[in-house]
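Student: Before I ask anything, let me first share the structure, which is written out below as structure tokens.
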Amino acid sequence: TTIEGRWRRRDDGMAALMLGTVFEQTKEKYGLQLLAGEQGLHRSLRWLYFSEDIENADFLRGGELMLLTGYSFGGREGFERFVKMLISRNACGVIVNVGKYIFPEELSPELLTLCDERQFPLITMPWKYHLTDIWQDYGQQIFLRAHEQNRLTYLFQMLLEDARHYSPEDESRLIANRFAPRGSYCAAVLSWNHRERKPGEFSGEITVLVENHLNQVREPACAFPYRNQQVLVFQARTVREIKTMLG
């Protein structure tokens, strides 16, 4: 089974856009090479981010695909420190434009091993291709998927409050996202304790973590923040099955 074949099946109808999907669709077009972190291709791709300043780490919320040239890192060591920061901030992965400031053969085995262990995709793109092109290409896919995901989220939020608003259009949306329009559903609520931050202050980060996990187990579900809580909607699952999926 090819990697491409696996990702076509895994992303079929999933609400979240996975990095592996766009990677397989565009690797020939942009000469992309996956150097490490293949097991992390299930990560949800939510944003594109272009920055080479490690001081901007606080702006990362999880799910960002970082696009880099290596211009401001001052060599391999600076680049590797930046990648380690991205891993710690739960970024989606990194695509680095190699051949001018950073070269693949310069990257240490230790960094590649770390990316494999932490399931963090490290992807290279030859210098002859432009980051602006891949930015436009991926950005369009992110926008379209996010629009559909927002509509699905709104549908479930609405049904949690008043199921009488259900319409034929809603039925089509459920089918497109691998949910059967008829049957039983179960909503799980995640709670957590944090001494310094309120739940609503980092609900987006929790959503990314939950999406990454659901992508990995290939379970059709919808995760979203709702009234300062994290809600997951499953279909035809028992409480025991949900606990098993969530680990």
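Chain labels follow the order of the structure tokens: the first chain is A, the next B, and so on; residue numbering restarts at 1 in every chain, and ligands are counted from 1 in their shown order.
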Please return as a ChimeraX atom specification: the residues of range 34-191 of chain A that backbone DSSP assigns to alpha helix (DSSP H).
Tutor: /A:76-88,109-117,131-161,168-176
Student: Go through A:Gly70, A:Ile87, A:Phe234, A:Pro220 and flag the residue nearest Gly183 in chain A, using only C-alpha atoms for the distances.
Tutor: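 Ranking A:Gly70, A:Ile87, A:Phe234, A:Pro220 by distance to Gly183 in chain A, first place goes to A:Phe234.
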Student: Got a sec: who's within 9 Å of Arg89 in chain A, counting only C-alpha atoms, leaving out chain neighbours fewer than 5 positions off, as a PyMOL selection string?
Tutor: chain A and resi 57-58+60-62+84
Student: Nearest to Phe73 in chain A among A:Cys92, A:Met245, A:Leu48, A:Ile102, with distances taken over only C-alpha atoms: which residue is it?
Tutor: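 Closest candidate: A:Ile102.
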Student: If we count only C-alpha atoms, what is near Tyr49 in chain A at a cut-off of 10 Å, once residues fewer than 4 positions away on the same chain are taken out, given as a PDB file with N, CA and C atoms, in the first residue's frame?
Tutor:
ATOM      1  N   PHE A  59       2.746  33.548  19.407  1.00  0.00           N
ATOM      2  CA  PHE A  59       1.656  33.715  18.449  1.00  0.00           C
ATOM      3  C   PHE A  59       1.132  32.370  17.945  1.00  0.00           C
ATOM      4  N   LEU A  60       1.852  31.289  18.192  1.00  0.00           N
ATOM      5  CA  LEU A  60       1.447  29.977  17.711  1.00  0.00           C
ATOM      6  C   LEU A  60       0.390  29.383  18.630  1.00  0.00           C
ATOM      7  N   GLY A  63      -1.381  23.693  15.169  1.00  0.00           N
ATOM      8  CA  GLY A  63      -1.950  23.413  13.858  1.00  0.00           C
ATOM      9  C   GLY A  63      -1.375  24.243  12.733  1.00  0.00           C
ATOM     10  N   GLU A  64      -0.344  25.065  13.015  1.00  0.00           N
ATOM     11  CA  GLU A  64       0.246  25.902  11.968  1.00  0.00           C
ATOM     12  C   GLU A  64       1.283  25.112  11.163  1.00  0.00           C
ATOM     13  N   LEU A  65       1.260  25.266   9.855  1.00  0.00           N
ATOM     14  CA  LEU A  65       2.329  24.767   9.002  1.00  0.00           C
ATOM     15  C   LEU A  65       3.278  25.928   8.750  1.00  0.00           C
ATOM     16  N   MET A  66       4.512  25.795   9.219  1.00  0.00           N
ATOM     17  CA  MET A  66       5.481  26.876   9.113  1.00  0.00           C
ATOM     18  C   MET A  66       6.221  26.771   7.774  1.00  0.00           C
ATOM     19  N   LEU A  67       6.309  27.897   7.072  1.00  0.00           N
ATOM     20  CA  LEU A  67       7.052  27.979   5.818  1.00  0.00           C
ATOM     21  C   LEU A  67       8.295  28.821   6.057  1.00  0.00           C
ATOM     22  N   LEU A  68       9.462  28.277   5.717  1.00  0.00           N
ATOM     23  CA  LEU A  68      10.726  28.928   6.060  1.00  0.00           C
ATOM     24  C   LEU A  68      11.697  28.939   4.889  1.00  0.00           C
ATOM     25  N   ALA A  91       2.993  22.834  16.563  1.00  0.00           N
ATOM     26  CA  ALA A  91       2.777  23.219  15.170  1.00  0.00           C
ATOM     27  C   ALA A  91       2.475  21.976  14.345  1.00  0.00           C
ATOM     28  N   VAL A  94       6.686  21.654   9.205  1.00  0.00           N
ATOM     29  CA  VAL A  94       7.482  22.730   8.615  1.00  0.00           C
ATOM     30  C   VAL A  94       7.888  22.350   7.198  1.00  0.00           C
ATOM     31  N   TRP A 135       2.021  28.759  -0.650  1.00  0.00           N
ATOM     32  CA  TRP A 135       1.159  29.492   0.280  1.00  0.00           C
ATOM     33  C   TRP A 135      -0.235  29.663  -0.321  1.00  0.00           C
TER      34      TRP A 135
END
Student: Determine the nearest neighbour of Glu205 in chain A from the options A:Gln141, A:Gln230, A:Gln157, A:Gln39, counting only C-alpha atoms.
Tutor: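 Among the listed residues, A:Gln230 lies closest to Glu205 in chain A.
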Student: Give me, as a PyMOL selection string, the residues of range 84-167 of chain A that a backbone DSSP run labels strand (DSSP E or B).
Tutor: chain A and resi 93-98+122-126
Student: Rank nothing, just name the residue among A:Asn97, A:Asn150, A:Ser108, A:Asn228 nearest to Leu190 in chain A, using only C-alpha atoms.
Tutor: A:Asn228
Student: Go through A:Met158, A:Ala176, A:Leu209, A:Met125 and flag the residue nearest Lys29 in chain A, using only C-alpha atoms for the distances.
Tutor: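 Checking each candidate against Lys29 in chain A, we get A:Met125 as the closest.
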Student: Would you mind listing what lies within 12 Å of Leu159 in chain A as a PDB file with N, CA and C atoms, in the first residue's frame, with only C-alpha atoms counted and same-chain residues fewer than 5 positions away left out?
Tutor:
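Writing the result to part-v1.pdb gives the following:
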ATOM      1  N   LEU A 152     -20.273  22.524   9.615  1.00  0.00           N
ATOM      2  CA  LEU A 152     -20.602  21.315  10.352  1.00  0.00           C
ATOM      3  C   LEU A 152     -20.650  21.589  11.853  1.00  0.00           C
ATOM      4  N   THR A 153     -19.693  22.361  12.344  1.00  0.00           N
ATOM      5  CA  THR A 153     -19.663  22.722  13.762  1.00  0.00           C
ATOM      6  C   THR A 153     -20.920  23.489  14.148  1.00  0.00           C
ATOM      7  N   TYR A 154     -21.295  24.453  13.308  1.00  0.00           N
ATOM      8  CA  TYR A 154     -22.504  25.243  13.582  1.00  0.00           C
ATOM      9  C   TYR A 154     -23.736  24.344  13.634  1.00  0.00           C
ATOM     10  N   ARG A 164     -35.008  20.819  16.437  1.00  0.00           N
ATOM     11  CA  ARG A 164     -36.113  21.073  15.510  1.00  0.00           C
ATOM     12  C   ARG A 164     -35.695  21.879  14.293  1.00  0.00           C
ATOM     13  N   HIS A 165     -34.522  22.500  14.331  1.00  0.00           N
ATOM     14  CA  HIS A 165     -34.060  23.304  13.196  1.00  0.00           C
ATOM     15  C   HIS A 165     -33.418  22.473  12.095  1.00  0.00           C
ATOM     16  N   TYR A 166     -33.376  21.183  12.250  1.00  0.00           N
ATOM     17  CA  TYR A 166     -32.734  20.290  11.285  1.00  0.00           C
ATOM     18  C   TYR A 166     -33.423  20.390   9.918  1.00  0.00           C
ATOM     19  N   SER A 167     -32.607  20.471   8.821  1.00  0.00           N
ATOM     20  CA  SER A 167     -33.138  20.673   7.478  1.00  0.00           C
ATOM     21  C   SER A 167     -32.516  19.678   6.502  1.00  0.00           C
ATOM     22  N   ASP A 170     -28.891  20.245   5.988  1.00  0.00           N
ATOM     23  CA  ASP A 170     -28.079  19.719   7.085  1.00  0.00           C
ATOM     24  C   ASP A 170     -27.812  18.230   6.886  1.00  0.00           C
ATOM     25  N   TYR A 185     -26.612   9.553  18.279  1.00  0.00           N
ATOM     26  CA  TYR A 185     -25.384  10.330  18.423  1.00  0.00           C
ATOM     27  C   TYR A 185     -25.036  10.460  19.902  1.00  0.00           C
ATOM     28  N   CYS A 186     -23.767  10.691  20.142  1.00  0.00           N
ATOM     29  CA  CYS A 186     -23.308  10.871  21.509  1.00  0.00           C
ATOM     30  C   CYS A 186     -22.370  12.068  21.560  1.00  0.00           C
ATOM     31  N   ALA A 187     -22.601  12.951  22.520  1.00  0.00           N
ATOM     32  CA  ALA A 187     -21.744  14.119  22.703  1.00  0.00           C
ATOM     33  C   ALA A 187     -20.935  13.950  23.981  1.00  0.00           C
ATOM     34  N   VAL A 233     -18.574  15.176  19.134  1.00  0.00           N
ATOM     35  CA  VAL A 233     -19.800  14.498  18.726  1.00  0.00           C
ATOM     36  C   VAL A 233     -19.435  13.253  17.933  1.00  0.00           C
TER      37      VAL A 233
END
Student: Leaving out range 114-123 of chain A and any residue of its chain fewer than 4 positions from it, which residues lie within 6 Å of it when counting only C-alpha atoms, given as a list in words?
Tutor: Gln33, Leu34, Leu35, Ala36, Gly37, Glu38, Gln39, Gly40, Gly93, Val94 and Ile95 of chain A
Student: Selection from above, C-alpha atoms, as a CSV table (one decimal), in the first residue's frame, can you write it?
Tutor:
chain,number,residue,atom,x,y,z
A,33,GLN,CA,10.7,15.6,0.3
A,34,LEU,CA,9.6,14.3,3.7
A,35,LEU,CA,12.9,14.0,5.7
A,36,ALA,CA,11.3,13.0,9.0
A,37,GLY,CA,8.1,12.7,11.0
A,38,GLU,CA,6.0,10.6,8.6
A,39,GLN,CA,3.9,9.4,11.5
A,40,GLY,CA,2.8,13.0,12.1
A,93,GLY,CA,4.9,20.7,10.6
A,94,VAL,CA,7.5,22.7,8.6
A,95,ILE,CA,8.4,23.2,5.0
Student: Could you tell me which of A:Ala223, A:Leu155, A:Leu160, A:Val22 comes closest to Arg173 in chain A if we count only C-alpha atoms?
Tutor: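 Going through A:Ala223, A:Leu155, A:Leu160, A:Val22 one by one, the smallest distance to Arg173 in chain A is for A:Leu155.
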